[in-house]
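Asker: Quick one, data-v7.cif (mmCIF, N, CA and C atoms):
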```
data_work
loop_
_atom_site.label_atom_id
_atom_site.label_comp_id
_atom_site.auth_asym_id
_atom_site.auth_seq_id
_atom_site.Cartn_x
_atom_site.Cartn_y
_atom_site.Cartn_z
N MET A 257 0.85 -1.17 0.00
CA MET A 257 0.00 0.00 0.00
C MET A 257 0.90 1.24 0.00
N ILE A 258 0.56 2.23 -0.83
CA ILE A 258 1.39 3.43 -0.90
C ILE A 258 0.99 4.43 0.18
N CYS A 259 1.84 5.38 0.43
CA CYS A 259 1.68 6.34 1.50
C CYS A 259 0.35 7.11 1.41
N SER A 260 -0.07 7.51 0.21
CA SER A 260 -1.30 8.28 0.08
C SER A 260 -2.51 7.48 0.55
N GLU A 261 -2.49 6.17 0.33
CA GLU A 261 -3.59 5.35 0.81
C GLU A 261 -3.63 5.33 2.33
N TYR A 262 -2.47 5.26 2.97
CA TYR A 262 -2.42 5.31 4.43
C TYR A 262 -2.96 6.65 4.94
N ILE A 263 -2.56 7.70 4.30
CA ILE A 263 -3.01 9.03 4.71
C ILE A 263 -4.52 9.15 4.54
N ASN A 264 -5.04 8.68 3.40
CA ASN A 264 -6.49 8.73 3.18
C ASN A 264 -7.24 7.91 4.21
N ARG A 265 -6.74 6.72 4.51
CA ARG A 265 -7.39 5.87 5.51
C ARG A 265 -7.35 6.51 6.90
N LEU A 266 -6.23 7.14 7.20
CA LEU A 266 -6.11 7.82 8.48
C LEU A 266 -7.13 8.97 8.57
N GLY A 267 -7.29 9.68 7.47
CA GLY A 267 -8.27 10.77 7.42
C GLY A 267 -9.69 10.26 7.61
N VAL A 268 -10.03 9.13 6.97
CA VAL A 268 -11.36 8.53 7.12
C VAL A 268 -11.57 8.09 8.56
N PHE A 269 -10.57 7.43 9.12
CA PHE A 269 -10.66 6.99 10.51
C PHE A 269 -10.87 8.19 11.45
N ALA A 270 -10.10 9.24 11.23
CA ALA A 270 -10.21 10.43 12.08
C ALA A 270 -11.60 11.05 11.96
N GLU A 271 -12.14 11.04 10.76
CA GLU A 271 -13.49 11.59 10.54
C GLU A 271 -14.53 10.74 11.27
N LEU A 272 -14.41 9.44 11.16
CA LEU A 272 -15.36 8.53 11.82
C LEU A 272 -15.31 8.69 13.34
N ARG A 273 -14.13 8.91 13.86
CA ARG A 273 -13.95 9.04 15.31
C ARG A 273 -14.12 10.49 15.79
N ASP A 274 -14.43 11.37 14.83
CA ASP A 274 -14.61 12.79 15.13
C ASP A 274 -13.36 13.39 15.78
N ILE A 275 -12.20 13.00 15.25
CA ILE A 275 -10.93 13.52 15.78
C ILE A 275 -10.08 14.13 14.65
N ARG A 276 -10.73 14.50 13.58
CA ARG A 276 -9.99 15.04 12.43
C ARG A 276 -9.21 16.30 12.82
N GLU A 277 -9.83 17.17 13.59
CA GLU A 277 -9.16 18.41 14.00
C GLU A 277 -7.95 18.09 14.88
N ASP A 278 -8.10 17.11 15.77
CA ASP A 278 -6.96 16.71 16.61
C ASP A 278 -5.82 16.16 15.75
N LEU A 279 -6.17 15.34 14.77
CA LEU A 279 -5.16 14.78 13.87
C LEU A 279 -4.44 15.89 13.11
N ARG A 280 -5.21 16.86 12.62
CA ARG A 280 -4.62 17.97 11.88
C ARG A 280 -3.61 18.71 12.76
N LYS A 281 -3.97 18.96 14.01
CA LYS A 281 -3.06 19.66 14.93
C LYS A 281 -1.79 18.85 15.17
N GLU A 282 -1.93 17.55 15.31
CA GLU A 282 -0.77 16.68 15.53
C GLU A 282 0.17 16.72 14.32
N VAL A 283 -0.41 16.66 13.13
CA VAL A 283 0.41 16.68 11.91
C VAL A 283 1.10 18.03 11.78
N GLU A 284 0.35 19.10 12.05
CA GLU A 284 0.94 20.44 11.95
C GLU A 284 2.06 20.65 12.96
N ALA A 285 1.99 19.97 14.11
CA ALA A 285 3.07 20.07 15.10
C ALA A 285 4.35 19.42 14.57
N LEU A 286 4.21 18.45 13.68
CA LEU A 286 5.38 17.76 13.13
C LEU A 286 5.95 18.46 11.90
N ILE A 287 5.06 18.91 11.01
CA ILE A 287 5.52 19.56 9.78
C ILE A 287 4.61 20.73 9.43
N ASP A 288 5.17 21.68 8.72
CA ASP A 288 4.38 22.80 8.20
C ASP A 288 3.95 22.41 6.79
N ILE A 289 2.73 21.91 6.67
CA ILE A 289 2.28 21.41 5.36
C ILE A 289 2.22 22.49 4.30
N THR A 290 2.11 23.75 4.72
CA THR A 290 2.06 24.83 3.73
C THR A 290 3.39 25.02 3.01
N LYS A 291 4.45 24.42 3.55
CA LYS A 291 5.77 24.51 2.92
C LYS A 291 6.05 23.35 1.97
N THR A 292 5.17 22.37 1.93
CA THR A 292 5.41 21.20 1.07
C THR A 292 5.08 21.54 -0.38
N TRP A 293 5.76 20.88 -1.29
CA TRP A 293 5.54 21.14 -2.71
C TRP A 293 4.12 20.74 -3.12
N LEU A 294 3.55 19.71 -2.51
CA LEU A 294 2.18 19.31 -2.85
C LEU A 294 1.18 20.41 -2.50
N TYR A 295 1.35 21.00 -1.33
CA TYR A 295 0.47 22.08 -0.90
C TYR A 295 0.61 23.27 -1.86
N GLN A 296 1.86 23.65 -2.15
CA GLN A 296 2.12 24.79 -3.01
C GLN A 296 1.54 24.57 -4.42
N GLU A 297 1.70 23.36 -4.92
CA GLU A 297 1.18 23.03 -6.25
C GLU A 297 -0.35 23.10 -6.26
N GLY A 298 -0.96 22.54 -5.23
CA GLY A 298 -2.42 22.59 -5.12
C GLY A 298 -2.93 24.01 -4.98
N LYS A 299 -2.20 24.80 -4.23
CA LYS A 299 -2.57 26.21 -4.05
C LYS A 299 -2.53 26.94 -5.38
N GLN A 300 -1.47 26.73 -6.17
CA GLN A 300 -1.36 27.37 -7.49
C GLN A 300 -2.49 26.95 -8.42
N GLU A 301 -2.81 25.66 -8.42
CA GLU A 301 -3.92 25.17 -9.25
C GLU A 301 -5.23 25.82 -8.83
N GLY A 302 -5.43 25.93 -7.53
CA GLY A 302 -6.65 26.56 -7.02
C GLY A 302 -6.74 28.02 -7.42
N ILE A 303 -5.62 28.72 -7.33
CA ILE A 303 -5.60 30.13 -7.71
C ILE A 303 -5.91 30.29 -9.19
N GLN A 304 -5.31 29.44 -10.03
CA GLN A 304 -5.56 29.52 -11.47
C GLN A 304 -7.04 29.27 -11.80
N LYS A 305 -7.62 28.26 -11.16
CA LYS A 305 -9.04 27.97 -11.40
C LYS A 305 -9.91 29.13 -10.93
N TRP A 306 -9.56 29.73 -9.80
CA TRP A 306 -10.31 30.85 -9.26
C TRP A 306 -10.25 32.04 -10.22
N ILE A 307 -9.07 32.31 -10.77
CA ILE A 307 -8.89 33.41 -11.71
C ILE A 307 -9.69 33.16 -12.98
N GLN A 308 -9.60 31.95 -13.51
CA GLN A 308 -10.33 31.62 -14.74
C GLN A 308 -11.84 31.75 -14.54
N GLU A 309 -12.34 31.20 -13.45
CA GLU A 309 -13.77 31.27 -13.18
C GLU A 309 -14.22 32.70 -12.97
N GLY A 310 -13.42 33.47 -12.23
CA GLY A 310 -13.75 34.87 -11.99
C GLY A 310 -13.76 35.68 -13.27
N THR A 311 -12.81 35.40 -14.15
CA THR A 311 -12.76 36.10 -15.43
C THR A 311 -13.98 35.78 -16.26
N ARG A 312 -14.32 34.48 -16.35
CA ARG A 312 -15.51 34.09 -17.12
C ARG A 312 -16.77 34.73 -16.55
N ARG A 313 -16.90 34.68 -15.23
CA ARG A 313 -18.08 35.25 -14.58
C ARG A 313 -18.12 36.76 -14.80
N GLY A 314 -16.96 37.41 -14.70
CA GLY A 314 -16.90 38.86 -14.88
C GLY A 314 -17.28 39.28 -16.28
N ILE A 315 -16.81 38.55 -17.27
CA ILE A 315 -17.15 38.86 -18.66
C ILE A 315 -18.64 38.68 -18.87
N LYS A 316 -19.18 37.58 -18.37
CA LYS A 316 -20.62 37.31 -18.54
C LYS A 316 -21.46 38.39 -17.87
N GLU A 317 -21.13 38.73 -16.62
CA GLU A 317 -21.90 39.73 -15.89
C GLU A 317 -21.76 41.11 -16.53
N GLY A 318 -20.56 41.43 -16.98
CA GLY A 318 -20.34 42.72 -17.64
C GLY A 318 -21.12 42.83 -18.94
N THR A 319 -21.12 41.76 -19.71
CA THR A 319 -21.87 41.75 -20.98
C THR A 319 -23.37 41.86 -20.71
N ARG A 320 -23.83 41.16 -19.69
CA ARG A 320 -25.26 41.21 -19.33
C ARG A 320 -25.65 42.62 -18.92
N GLU A 321 -24.83 43.25 -18.06
CA GLU A 321 -25.13 44.61 -17.61
C GLU A 321 -25.11 45.59 -18.78
N ALA A 322 -24.16 45.43 -19.69
CA ALA A 322 -24.08 46.30 -20.87
C ALA A 322 -25.31 46.13 -21.76
N LEU A 323 -25.77 44.90 -21.92
CA LEU A 323 -26.97 44.62 -22.71
C LEU A 323 -28.18 45.30 -22.09
N LEU A 324 -28.36 45.17 -20.79
CA LEU A 324 -29.49 45.81 -20.11
C LEU A 324 -29.41 47.33 -20.22
N LEU A 325 -28.19 47.87 -20.12
CA LEU A 325 -28.01 49.32 -20.27
C LEU A 325 -28.36 49.76 -21.69
N ASP A 326 -27.95 48.99 -22.68
CA ASP A 326 -28.29 49.31 -24.08
C ASP A 326 -29.81 49.33 -24.28
N ILE A 327 -30.48 48.34 -23.72
CA ILE A 327 -31.95 48.28 -23.86
C ILE A 327 -32.58 49.51 -23.20
N ARG A 328 -32.15 49.80 -21.97
CA ARG A 328 -32.70 50.95 -21.24
C ARG A 328 -32.41 52.26 -21.99
N THR A 329 -31.21 52.38 -22.53
CA THR A 329 -30.84 53.60 -23.25
C THR A 329 -31.66 53.77 -24.52
N LYS A 330 -31.82 52.69 -25.27
CA LYS A 330 -32.52 52.79 -26.56
C LYS A 330 -34.03 52.88 -26.40
N PHE A 331 -34.58 52.11 -25.45
CA PHE A 331 -36.04 52.02 -25.34
C PHE A 331 -36.59 52.66 -24.06
N SER A 332 -35.76 53.32 -23.28
CA SER A 332 -36.09 54.00 -22.02
C SER A 332 -36.58 53.11 -20.89
N LYS A 333 -36.64 51.82 -21.10
CA LYS A 333 -37.03 50.91 -20.03
C LYS A 333 -36.60 49.49 -20.37
N VAL A 334 -36.55 48.67 -19.32
CA VAL A 334 -36.29 47.24 -19.49
C VAL A 334 -37.45 46.51 -18.80
N PRO A 335 -38.41 46.02 -19.59
CA PRO A 335 -39.53 45.31 -18.98
C PRO A 335 -39.05 44.11 -18.16
N GLY A 336 -39.78 43.83 -17.08
CA GLY A 336 -39.41 42.77 -16.16
C GLY A 336 -39.19 41.41 -16.80
N LEU A 337 -40.05 41.03 -17.75
CA LEU A 337 -39.90 39.72 -18.39
C LEU A 337 -38.62 39.64 -19.23
N ILE A 338 -38.31 40.74 -19.90
CA ILE A 338 -37.07 40.78 -20.69
C ILE A 338 -35.86 40.71 -19.75
N ARG A 339 -35.89 41.48 -18.66
CA ARG A 339 -34.80 41.46 -17.69
C ARG A 339 -34.61 40.05 -17.13
N LYS A 340 -35.71 39.42 -16.77
CA LYS A 340 -35.64 38.08 -16.19
C LYS A 340 -35.03 37.09 -17.18
N GLU A 341 -35.46 37.17 -18.43
CA GLU A 341 -34.91 36.26 -19.44
C GLU A 341 -33.42 36.50 -19.66
N ILE A 342 -33.02 37.75 -19.73
CA ILE A 342 -31.60 38.09 -19.93
C ILE A 342 -30.77 37.64 -18.72
N GLU A 343 -31.29 37.81 -17.54
CA GLU A 343 -30.56 37.39 -16.33
C GLU A 343 -30.39 35.87 -16.27
N GLY A 344 -31.24 35.14 -16.99
CA GLY A 344 -31.12 33.69 -17.01
C GLY A 344 -30.18 33.15 -18.07
N ILE A 345 -29.67 34.02 -18.92
CA ILE A 345 -28.77 33.58 -20.01
C ILE A 345 -27.36 33.40 -19.46
N GLU A 346 -26.79 32.23 -19.66
CA GLU A 346 -25.44 31.93 -19.18
C GLU A 346 -24.40 31.97 -20.30
N ASP A 347 -24.83 31.93 -21.54
CA ASP A 347 -23.93 31.89 -22.69
C ASP A 347 -23.52 33.32 -23.09
N VAL A 348 -22.24 33.64 -22.93
CA VAL A 348 -21.74 34.97 -23.24
C VAL A 348 -21.94 35.30 -24.72
N ASN A 349 -21.76 34.33 -25.58
CA ASN A 349 -21.94 34.60 -27.02
C ASN A 349 -23.37 35.00 -27.33
N ARG A 350 -24.31 34.36 -26.67
CA ARG A 350 -25.73 34.72 -26.88
C ARG A 350 -25.99 36.14 -26.38
N LEU A 351 -25.39 36.50 -25.26
CA LEU A 351 -25.54 37.87 -24.74
C LEU A 351 -24.95 38.88 -25.73
N ARG A 352 -23.81 38.54 -26.32
CA ARG A 352 -23.18 39.43 -27.30
C ARG A 352 -24.05 39.60 -28.54
N ILE A 353 -24.64 38.51 -28.99
CA ILE A 353 -25.54 38.58 -30.16
C ILE A 353 -26.72 39.50 -29.84
N LEU A 354 -27.29 39.31 -28.66
CA LEU A 354 -28.43 40.14 -28.26
C LEU A 354 -28.05 41.61 -28.17
N LYS A 355 -26.83 41.86 -27.73
CA LYS A 355 -26.35 43.24 -27.65
C LYS A 355 -26.37 43.89 -29.03
N SER A 356 -25.94 43.17 -30.03
CA SER A 356 -25.97 43.74 -31.39
C SER A 356 -27.41 43.83 -31.91
N GLU A 357 -28.28 42.93 -31.45
CA GLU A 357 -29.69 42.98 -31.88
C GLU A 357 -30.40 44.20 -31.31
N VAL A 358 -30.00 44.67 -30.14
CA VAL A 358 -30.60 45.89 -29.58
C VAL A 358 -30.35 47.05 -30.54
N VAL A 359 -29.14 47.15 -31.03
CA VAL A 359 -28.77 48.24 -31.93
C VAL A 359 -29.57 48.17 -33.22
N LYS A 360 -29.78 46.97 -33.73
CA LYS A 360 -30.49 46.78 -35.00
C LYS A 360 -32.00 46.94 -34.88
N SER A 361 -32.54 46.68 -33.70
CA SER A 361 -33.99 46.71 -33.53
C SER A 361 -34.51 48.14 -33.49
N ARG A 362 -35.64 48.34 -34.17
CA ARG A 362 -36.25 49.68 -34.18
C ARG A 362 -37.21 49.87 -33.00
N THR A 363 -37.81 48.78 -32.54
CA THR A 363 -38.75 48.88 -31.43
C THR A 363 -38.43 47.81 -30.38
N LEU A 364 -38.98 48.01 -29.21
CA LEU A 364 -38.80 47.04 -28.13
C LEU A 364 -39.45 45.71 -28.50
N LYS A 365 -40.59 45.79 -29.15
CA LYS A 365 -41.28 44.56 -29.59
C LYS A 365 -40.42 43.77 -30.58
N GLU A 366 -39.76 44.47 -31.48
CA GLU A 366 -38.89 43.81 -32.44
C GLU A 366 -37.73 43.11 -31.72
N PHE A 367 -37.14 43.81 -30.75
CA PHE A 367 -36.06 43.19 -29.98
C PHE A 367 -36.58 41.97 -29.21
N GLU A 368 -37.76 42.10 -28.64
CA GLU A 368 -38.34 40.99 -27.88
C GLU A 368 -38.54 39.77 -28.77
N ARG A 369 -38.96 39.98 -30.01
CA ARG A 369 -39.10 38.84 -30.96
C ARG A 369 -37.74 38.19 -31.23
N LYS A 370 -36.71 39.00 -31.40
CA LYS A 370 -35.36 38.45 -31.63
C LYS A 370 -34.86 37.71 -30.40
N LEU A 371 -35.16 38.22 -29.22
CA LEU A 371 -34.78 37.54 -27.98
C LEU A 371 -35.44 36.18 -27.91
N ARG A 372 -36.71 36.13 -28.23
CA ARG A 372 -37.42 34.84 -28.20
C ARG A 372 -36.91 33.90 -29.28
N SER A 373 -36.59 34.42 -30.46
CA SER A 373 -36.12 33.55 -31.53
C SER A 373 -34.74 32.95 -31.19
N LEU A 374 -33.95 33.66 -30.44
CA LEU A 374 -32.63 33.14 -30.03
C LEU A 374 -32.74 32.13 -28.89
N ARG A 375 -33.89 32.08 -28.27
CA ARG A 375 -34.09 31.14 -27.16
C ARG A 375 -34.05 29.71 -27.66
N ARG A 376 -34.46 29.48 -28.88
CA ARG A 376 -34.55 28.13 -29.43
C ARG A 376 -33.22 27.55 -29.76
#
```
Starting from the file, give its structure as structure tokens.

Answerer:
Amino acid sequence: MICSEYINRLGVFAELRDIREDLRKEVEALIDITKTWLYQEGKQEGIQKWIQEGTRRGIKEGTREALLLDIRTKFSKVPGLIRKEIEGIEDVNRLRILKSEVVKSRTLKEFERKLRSLRR
């Protein structure tokens, strides 16, 4: 059995016995796990995933807000149903398409038809 299996089994045992926190303190008294290469590598991977997710979320939210602002600017209002539908869109490309459709649409009803047609 390799070392990682022993460590995993020890963790399961500690959890079952409700002594996981005690085990963690004992291990930390022996070594500073934050200085190990495994910890550092995992930390870097976590940071990269956090940055990527934050960037994707930021782009999506920014595009959504810009789309709603475009609608409000062009048509002086954003009806609740349109806002709700736009807030439910997760695809950034679809939000970008809708943003260009606001510019092309002459009326709010025309934009609403394009919004519905893109739903399919």

Asker: Extract the full set of alpha helix (DSSP H) residues from stretch 267-346 of chain A according to DSSP on the backbone, and format it as a PyMOL selection string.

Answerer: chain A and resi 267-272+276-286+293-331+336-343

Asker: Taking into account all atoms listed in the file, which residue in the set A:Leu323, A:Gly344, A:Leu337, A:Phe331 is nearest to A:Ser356?

Answerer: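 Smallest separation from A:Ser356 among the options: A:Leu323.
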
Asker: Between atom C of A:Leu266 and atom CA of A:Gln296, measure the distance and give it in Å to one decimal.

Answerer: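 Taking atom C of A:Leu266 and atom CA of A:Gln296, their separation equals 21.7 Å.
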
Asker: For a test of reading the model, state the distance in Å between atom CA of A:Glu309 and atom CA of A:Asn349, rounded to one decimal.

Answerer: 16.4 Å

Asker: Tell me, in Å to one decimal, how far atom CA of A:Tyr295 is from atom CA of A:Ile307.

Answerer: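 Distance reported for this atom pair: 18.2 Å.
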